[in-house]
>>> print(open('input.pdb').read())   # PDB, C-alpha atoms and all ligand atoms
ATOM      1  CA  MET P 405      21.721  16.512  28.670
ATOM      2  CA  LEU P 406      20.683  17.988  25.349
ATOM      3  CA  ARG P 407      16.889  18.352  25.220
ATOM      4  CA  VAL P 408      15.815  17.286  21.726
ATOM      5  CA  VAL P 409      12.452  17.865  20.053
ATOM      6  CA  VAL P 410      11.845  15.823  16.896
ATOM      7  CA  MET P 411       9.360  17.103  14.316
ATOM      8  CA  VAL P 412       7.770  14.605  11.920
ATOM      9  CA  SER P 413       5.112  14.291   9.222
ATOM     10  CA  GLY P 414       5.010  10.620   8.264
ATOM     11  CA  GLY P 415       6.460   7.199   8.869
ATOM     12  CA  GLY P 416       9.189   8.331  11.214
ATOM     13  CA  THR P 417      12.029   5.989  10.250
ATOM     14  CA  ASN P 418      14.489   8.792  10.976
ATOM     15  CA  LEU P 419      12.838   9.347  14.359
ATOM     16  CA  GLN P 420      13.314   5.612  14.968
ATOM     17  CA  ALA P 421      17.002   5.893  14.080
ATOM     18  CA  ILE P 422      17.365   8.606  16.753
ATOM     19  CA  ILE P 423      15.412   6.578  19.346
ATOM     20  CA  ASP P 424      17.627   3.538  18.610
ATOM     21  CA  GLY P 425      20.790   5.657  18.597
ATOM     22  CA  ILE P 426      20.014   6.906  22.104
ATOM     23  CA  ALA P 427      19.075   3.402  23.307
ATOM     24  CA  ASN P 428      22.319   1.859  22.054
ATOM     25  CA  LYS P 429      24.409   4.817  23.275
ATOM     26  CA  GLU P 430      25.523   5.797  19.799
ATOM     27  CA  ILE P 431      24.072   9.160  20.843
ATOM     28  CA  GLU P 432      25.137  10.234  24.316
ATOM     29  CA  HIS P 433      24.207  13.248  26.422
ATOM     30  CA  ALA P 434      20.900  13.743  24.598
ATOM     31  CA  HIS P 435      17.298  12.689  25.107
ATOM     32  CA  ILE P 436      14.080  13.249  23.166
ATOM     33  CA  VAL P 437      11.721  15.394  25.237
ATOM     34  CA  GLY P 438       8.942  15.501  22.658
ATOM     35  CA  VAL P 439       7.799  14.538  19.176
ATOM     36  CA  ILE P 440       5.561  16.926  17.226
ATOM     37  CA  SER P 441       3.646  15.933  14.085
ATOM     38  CA  ASN P 442       1.641  18.158  11.765
ATOM     39  CA  ASN P 443      -0.416  15.108  10.711
ATOM     40  CA  TYR P 444      -2.771  12.952  12.729
ATOM     41  CA  GLY P 445      -2.495   9.176  12.595
ATOM     42  CA  VAL P 446       1.034   8.882  11.224
ATOM     43  CA  TYR P 447       3.230   5.949  12.237
ATOM     44  CA  ALA P 448       5.889   8.282  13.682
ATOM     45  CA  LEU P 449       3.472   9.012  16.562
ATOM     46  CA  GLU P 450       3.156   5.314  17.285
ATOM     47  CA  ARG P 451       6.942   4.993  17.352
ATOM     48  CA  ALA P 452       7.068   7.818  19.924
ATOM     49  CA  ALA P 453       4.318   6.183  22.003
ATOM     50  CA  LYS P 454       6.082   2.795  21.940
ATOM     51  CA  ALA P 455       9.277   4.436  23.161
ATOM     52  CA  GLY P 456       7.375   6.241  25.940
ATOM     53  CA  ILE P 457       8.103   9.683  24.483
ATOM     54  CA  ASP P 458       5.690  12.580  24.900
ATOM     55  CA  HIS P 459       4.077  13.393  21.543
ATOM     56  CA  ALA P 460       1.617  15.884  20.110
ATOM     57  CA  VAL P 461      -0.122  16.856  16.892
ATOM     58  CA  VAL P 462      -0.342  20.460  15.747
ATOM     59  CA  SER P 463      -2.279  20.296  12.483
ATOM     60  CA  PRO P 464      -2.964  23.247  10.179
ATOM     61  CA  LYS P 465      -6.440  21.754   9.723
ATOM     62  CA  ASP P 466      -7.317  22.805  13.261
ATOM     63  CA  PHE P 467      -6.567  26.483  12.673
ATOM     64  CA  ALA P 468      -8.333  29.219  10.741
ATOM     65  CA  ASP P 469      -5.146  30.494   9.107
ATOM     66  CA  ARG P 470      -1.411  29.956   8.785
ATOM     67  CA  THR P 471      -0.527  32.616  11.365
ATOM     68  CA  SER P 472      -2.496  30.917  14.131
ATOM     69  CA  PHE P 473      -1.093  27.501  13.146
ATOM     70  CA  ASN P 474       2.455  28.902  13.248
ATOM     71  CA  GLU P 475       1.821  30.408  16.693
ATOM     72  CA  ALA P 476       0.445  27.121  18.040
ATOM     73  CA  LEU P 477       3.392  25.202  16.577
ATOM     74  CA  LEU P 478       5.881  27.571  18.181
ATOM     75  CA  ASP P 479       4.033  27.427  21.525
ATOM     76  CA  LYS P 480       4.193  23.616  21.463
ATOM     77  CA  VAL P 481       7.909  23.686  20.669
ATOM     78  CA  ARG P 482       8.538  26.201  23.484
ATOM     79  CA  SER P 483       6.642  24.015  25.948
ATOM     80  CA  TYR P 484       9.383  21.359  25.624
ATOM     81  CA  GLU P 485      12.202  23.872  26.263
ATOM     82  CA  PRO P 486      14.439  22.256  23.615
ATOM     83  CA  ASP P 487      18.157  22.792  23.101
ATOM     84  CA  LEU P 488      17.919  21.214  19.660
ATOM     85  CA  ILE P 489      15.038  20.813  17.188
ATOM     86  CA  VAL P 490      15.394  18.001  14.650
ATOM     87  CA  LEU P 491      13.307  18.085  11.481
ATOM     88  CA  ALA P 492      13.104  14.374  10.685
ATOM     89  CA  GLY P 493      10.904  14.275   7.614
ATOM     90  CA  PHE P 494       8.924  17.347   8.721
ATOM     91  CA  LEU P 495       7.377  18.581   5.500
ATOM     92  CA  VAL P 496       6.068  21.947   6.687
ATOM     93  CA  VAL P 497       7.752  25.329   6.203
ATOM     94  CA  ILE P 498       9.157  26.420   9.562
ATOM     95  CA  PRO P 499       7.818  29.794  10.768
ATOM     96  CA  GLU P 500      10.445  32.582  10.553
ATOM     97  CA  LYS P 501       9.800  33.475  14.195
ATOM     98  CA  MET P 502      10.863  29.962  15.202
ATOM     99  CA  ILE P 503      14.049  30.190  13.131
ATOM    100  CA  ASP P 504      14.914  33.499  14.854
ATOM    101  CA  GLU P 505      14.122  32.152  18.298
ATOM    102  CA  TYR P 506      16.097  28.925  17.802
ATOM    103  CA  GLU P 507      18.928  30.217  15.624
ATOM    104  CA  ASN P 508      21.556  27.495  15.014
ATOM    105  CA  ARG P 509      19.476  25.048  17.052
ATOM    106  CA  ILE P 510      17.329  23.564  14.259
ATOM    107  CA  ILE P 511      18.686  20.834  11.980
ATOM    108  CA  ASN P 512      17.104  19.073   9.015
ATOM    109  CA  ILE P 513      17.754  15.867   7.088
ATOM    110  CA  HIS P 514      17.359  16.089   3.327
ATOM    111  CA  PRO P 515      17.522  13.028   1.033
ATOM    112  CA  SER P 516      20.030  14.337  -1.544
ATOM    113  CA  LEU P 517      23.511  15.780  -1.731
ATOM    114  CA  ILE P 518      22.707  19.488  -1.313
ATOM    115  CA  PRO P 519      22.871  21.661  -3.471
ATOM    116  CA  SER P 520      21.442  19.048  -5.851
ATOM    117  CA  PHE P 521      17.720  18.258  -5.809
ATOM    118  CA  CYS P 522      16.782  20.568  -2.950
ATOM    119  CA  GLY P 523      14.735  23.691  -2.355
ATOM    120  CA  THR P 524      11.049  24.345  -2.884
ATOM    121  CA  GLY P 525       9.135  21.336  -4.193
ATOM    122  CA  TYR P 526      11.888  18.815  -3.446
ATOM    123  CA  TYR P 527      10.789  16.605  -0.592
ATOM    124  CA  GLY P 528      10.322  12.897   0.076
ATOM    125  CA  LEU P 529       9.950  10.702  -3.006
ATOM    126  CA  LYS P 530      10.015  13.714  -5.358
ATOM    127  CA  VAL P 531      13.735  14.129  -4.629
ATOM    128  CA  HIS P 532      14.485  10.584  -5.792
ATOM    129  CA  GLU P 533      12.229  10.927  -8.846
ATOM    130  CA  ALA P 534      14.222  14.011  -9.860
ATOM    131  CA  ALA P 535      17.572  12.303  -9.274
ATOM    132  CA  LEU P 536      16.537   9.343 -11.452
ATOM    133  CA  ALA P 537      15.113  11.646 -14.157
ATOM    134  CA  ARG P 538      18.453  13.515 -14.308
ATOM    135  CA  GLY P 539      20.357  10.245 -14.468
ATOM    136  CA  VAL P 540      22.850  10.972 -11.677
ATOM    137  CA  LYS P 541      25.050   8.043 -10.653
ATOM    138  CA  LEU P 542      25.511   9.267  -7.089
ATOM    139  CA  THR P 543      23.003  10.748  -4.704
ATOM    140  CA  GLY P 544      22.889  10.697  -0.915
ATOM    141  CA  ALA P 545      21.715  12.645   2.105
ATOM    142  CA  THR P 546      22.589  15.858   3.923
ATOM    143  CA  VAL P 547      22.117  17.066   7.483
ATOM    144  CA  HIS P 548      22.190  20.846   7.726
ATOM    145  CA  TYR P 549      21.272  23.720  10.000
ATOM    146  CA  VAL P 550      18.008  25.420   9.115
ATOM    147  CA  ASP P 551      18.039  29.059   8.089
ATOM    148  CA  LYS P 552      15.356  31.158   6.417
ATOM    149  CA  GLY P 553      15.906  29.669   2.963
ATOM    150  CA  THR P 554      14.767  26.219   1.844
ATOM    151  CA  ASP P 555      17.653  23.751   2.345
ATOM    152  CA  THR P 556      20.199  26.604   2.296
ATOM    153  CA  GLY P 557      21.656  26.451   5.827
ATOM    154  CA  PRO P 558      25.215  25.392   6.746
ATOM    155  CA  ILE P 559      25.941  21.721   6.016
ATOM    156  CA  ILE P 560      26.860  19.492   8.987
ATOM    157  CA  LEU P 561      27.251  16.040   7.378
ATOM    158  CA  GLN P 562      26.782  14.425   3.966
ATOM    159  CA  LYS P 563      27.027  10.884   2.676
ATOM    160  CA  ALA P 564      26.976   9.670  -0.919
ATOM    161  CA  VAL P 565      24.907   6.685  -2.080
ATOM    162  CA  GLU P 566      25.177   4.890  -5.407
ATOM    163  CA  VAL P 567      22.296   4.914  -7.903
ATOM    164  CA  LYS P 568      21.899   1.475  -9.500
ATOM    165  CA  ASP P 569      20.469   0.316 -12.815
ATOM    166  CA  GLY P 570      16.787  -0.479 -12.482
ATOM    167  CA  ASP P 571      16.255   1.726  -9.427
ATOM    168  CA  THR P 572      12.740   3.017  -8.886
ATOM    169  CA  PRO P 573      12.178   6.114  -6.710
ATOM    170  CA  GLU P 574      11.037   3.795  -3.891
ATOM    171  CA  ILE P 575      14.086   1.506  -4.135
ATOM    172  CA  LEU P 576      16.451   4.478  -4.241
ATOM    173  CA  GLN P 577      14.678   6.160  -1.317
ATOM    174  CA  ARG P 578      15.098   3.026   0.772
ATOM    175  CA  ARG P 579      18.829   2.721  -0.093
ATOM    176  CA  VAL P 580      19.431   6.406   0.725
ATOM    177  CA  MET P 581      17.674   5.915   4.070
ATOM    178  CA  GLU P 582      19.534   2.723   4.966
ATOM    179  CA  GLU P 583      22.994   3.751   3.807
ATOM    180  CA  ALA P 584      22.898   7.451   4.642
ATOM    181  CA  GLU P 585      19.968   9.017   6.508
ATOM    182  CA  TRP P 586      19.642   6.600   9.432
ATOM    183  CA  LYS P 587      23.382   6.901  10.075
ATOM    184  CA  LEU P 588      23.892  10.609   9.468
ATOM    185  CA  LEU P 589      21.093  11.942  11.640
ATOM    186  CA  PRO P 590      22.157  10.119  14.858
ATOM    187  CA  GLU P 591      25.775  11.047  14.083
ATOM    188  CA  ALA P 592      24.918  14.746  13.716
ATOM    189  CA  ILE P 593      22.946  14.793  16.983
ATOM    190  CA  SER P 594      25.739  12.985  18.783
ATOM    191  CA  LYS P 595      28.250  15.500  17.447
ATOM    192  CA  ILE P 596      26.133  18.473  18.550
ATOM    193  CA  ALA P 597      25.519  16.942  21.996
ATOM    194  CA  LYS P 598      29.251  16.310  22.485
ATOM    195  CA  GLU P 599      30.175  19.823  21.428
ATOM    196  CA  LYS P 600      27.708  21.247  23.933
ATOM    197  CA  ILE P 601      29.295  19.591  26.963
TER
HETATM  198  C1  LIG Y 701      13.132  11.198   4.650
HETATM  199  O1  LIG Y 701      13.633  10.617   3.475
HETATM  200  C2  LIG Y 701      13.649  12.616   4.795
HETATM  201  O2  LIG Y 701      14.960  12.783   4.350
HETATM  202  C3  LIG Y 701      12.671  13.363   3.907
HETATM  203  O3  LIG Y 701      11.414  12.789   4.205
HETATM  204  C4  LIG Y 701      11.613  11.402   4.542
HETATM  205  C5  LIG Y 701      10.906  11.107   5.850
HETATM  206  O4  LIG Y 701      10.933   9.745   6.155
HETATM  207  N1  LIG Y 701      12.712  14.776   4.166
HETATM  208  C6  LIG Y 701      12.604  15.703   3.208
HETATM  209  O5  LIG Y 701      12.407  15.422   2.045
HETATM  210  C7  LIG Y 701      12.771  17.126   3.681
HETATM  211  N2  LIG Y 701      12.882  18.026   2.569
HETATM  212  P1  LIG Y 701      10.670   9.214   7.639
HETATM  213  O6  LIG Y 701       9.337   9.810   8.103
HETATM  214  O7  LIG Y 701      10.592   7.730   7.484
HETATM  215  O8  LIG Y 701      11.812   9.641   8.514
END
>>> encode(input="input.pdb", output="structure tokens")
Amino acid sequence: MLRVVVMVSGGGTNLQAIIDGIANKEIEHAHIVGVISNNYGVYALERAAKAGIDHAVVSPKDFADRTSFNEALLDKVRSYEPDLIVLAGFLVVIPEKMIDEYENRIINIHPSLIPSFCGTGYYGLKVHEAALARGVKLTGATVHYVDKGTDTGPIILQKAVEVKDGDTPEILQRRVMEEAEWKLLPEAISKIAKEKI
């Protein structure tokens, strides 16, 4: 059984897709051992609670500086003894020490076709705003391994999604989630879990 830790910052629809994927056996040989949020009060934590999954908040607001926050975050991750760490809308820069310690065991979902609209400053709705501003006709989502760059690690899966006339960033975000993200992330975890056994 692959021990999965999911890291979140917000609504947690991607976390929900993983929870559902495990429940309906789309993902086999994996279970979520913990959910970690950097924000208090986000709906992702409620999703974890409803599914009976252990969850915790490690917020930078509770620490004097970034170094002590990073240490606390890494300690929390270690406490779950994960085989795989999934960044599911986790909008915090991952400490380098964690990337070294969990090399090739951290994956991220990004709401564009990397290498478009990625890197520093491109997260959440901002990605879709940029795609619409550039006028692309296709966008999508990418699941990739996390290395020390921002969105630069090896790509695992990608799926294209059409941009339609009249799209707003919110409408496009929703379509990218429905047609790409919520499918790709469970698929990537399932693939990694299968390869491990
Ligand atoms: C998702 O669209 C995810 O791809 C994005 O944040 C959203 C989180 O939604 N992640 C990034 O932009 C990472 N650079 P969720 O909390 O509903 O899963």
>>> residues_near_ligand(input="input.pdb", ligand="ligand LIG 701 (chain Y)", cutoff="6 Å", atoms="only C-alpha atoms and all ligand atoms", output="JSON, numbers by chain")
{"P": [414, 415, 416, 417, 418, 419, 492, 493, 495, 513, 514, 515, 527, 528]}
>>> resolve_selection(input="input.pdb", expression="the PyMOL selection byres (((chain P and resi 410) around 9) and not hetatm)", output="PDB file with C-alpha atoms, in the frame of the given file")
ATOM      1  CA  VAL P 408      15.815  17.286  21.726  1.00  0.00           C
ATOM      2  CA  VAL P 409      12.452  17.865  20.053  1.00  0.00           C
ATOM      3  CA  MET P 411       9.360  17.103  14.316  1.00  0.00           C
ATOM      4  CA  VAL P 412       7.770  14.605  11.920  1.00  0.00           C
ATOM      5  CA  LEU P 419      12.838   9.347  14.359  1.00  0.00           C
ATOM      6  CA  ILE P 436      14.080  13.249  23.166  1.00  0.00           C
ATOM      7  CA  VAL P 437      11.721  15.394  25.237  1.00  0.00           C
ATOM      8  CA  GLY P 438       8.942  15.501  22.658  1.00  0.00           C
ATOM      9  CA  VAL P 439       7.799  14.538  19.176  1.00  0.00           C
ATOM     10  CA  ILE P 440       5.561  16.926  17.226  1.00  0.00           C
ATOM     11  CA  SER P 441       3.646  15.933  14.085  1.00  0.00           C
ATOM     12  CA  LEU P 488      17.919  21.214  19.660  1.00  0.00           C
ATOM     13  CA  ILE P 489      15.038  20.813  17.188  1.00  0.00           C
ATOM     14  CA  VAL P 490      15.394  18.001  14.650  1.00  0.00           C
ATOM     15  CA  LEU P 491      13.307  18.085  11.481  1.00  0.00           C
ATOM     16  CA  ALA P 492      13.104  14.374  10.685  1.00  0.00           C
ATOM     17  CA  PHE P 494       8.924  17.347   8.721  1.00  0.00           C
TER      18      PHE P 494
END
>>> closest_atom_pairs(input="input.pdb", of="stretch 480-580 of chain P", to="stretch 449-458 of chain P", cutoff="12 Å", atoms="all atoms listed in the file", output="JSON lines")
{"residue": "P:Lys480", "atom": "CA", "partner": "P:Asp458", "partner_atom": "CA", "distance": 11.7}
{"residue": "P:Ser483", "atom": "CA", "partner": "P:Asp458", "partner_atom": "CA", "distance": 11.5}
{"residue": "P:Tyr484", "atom": "CA", "partner": "P:Asp458", "partner_atom": "CA", "distance": 9.6}
>>> closest_residue(input="input.pdb", among="P:Val461, P:Glu566, P:Ile431, P:Ile511", to="P:Gly445", atoms="only C-alpha atoms")
P:Val461
>>> closest_residue(input="input.pdb", among="P:Ala427, P:Val531, P:Leu406, P:Ile503", to="P:Glu485", atoms="only C-alpha atoms")
P:Leu406
>>> resolve_selection(input="input.pdb", expression="the PyMOL selection byres (((chain P and resi 544-557) around 6) and not hetatm)", output="JSON, numbers by chain")
{"P": [510, 511, 512, 513, 514, 515, 516, 517, 523, 543, 558, 559, 560, 561, 562, 563, 564, 565, 580, 584, 585]}
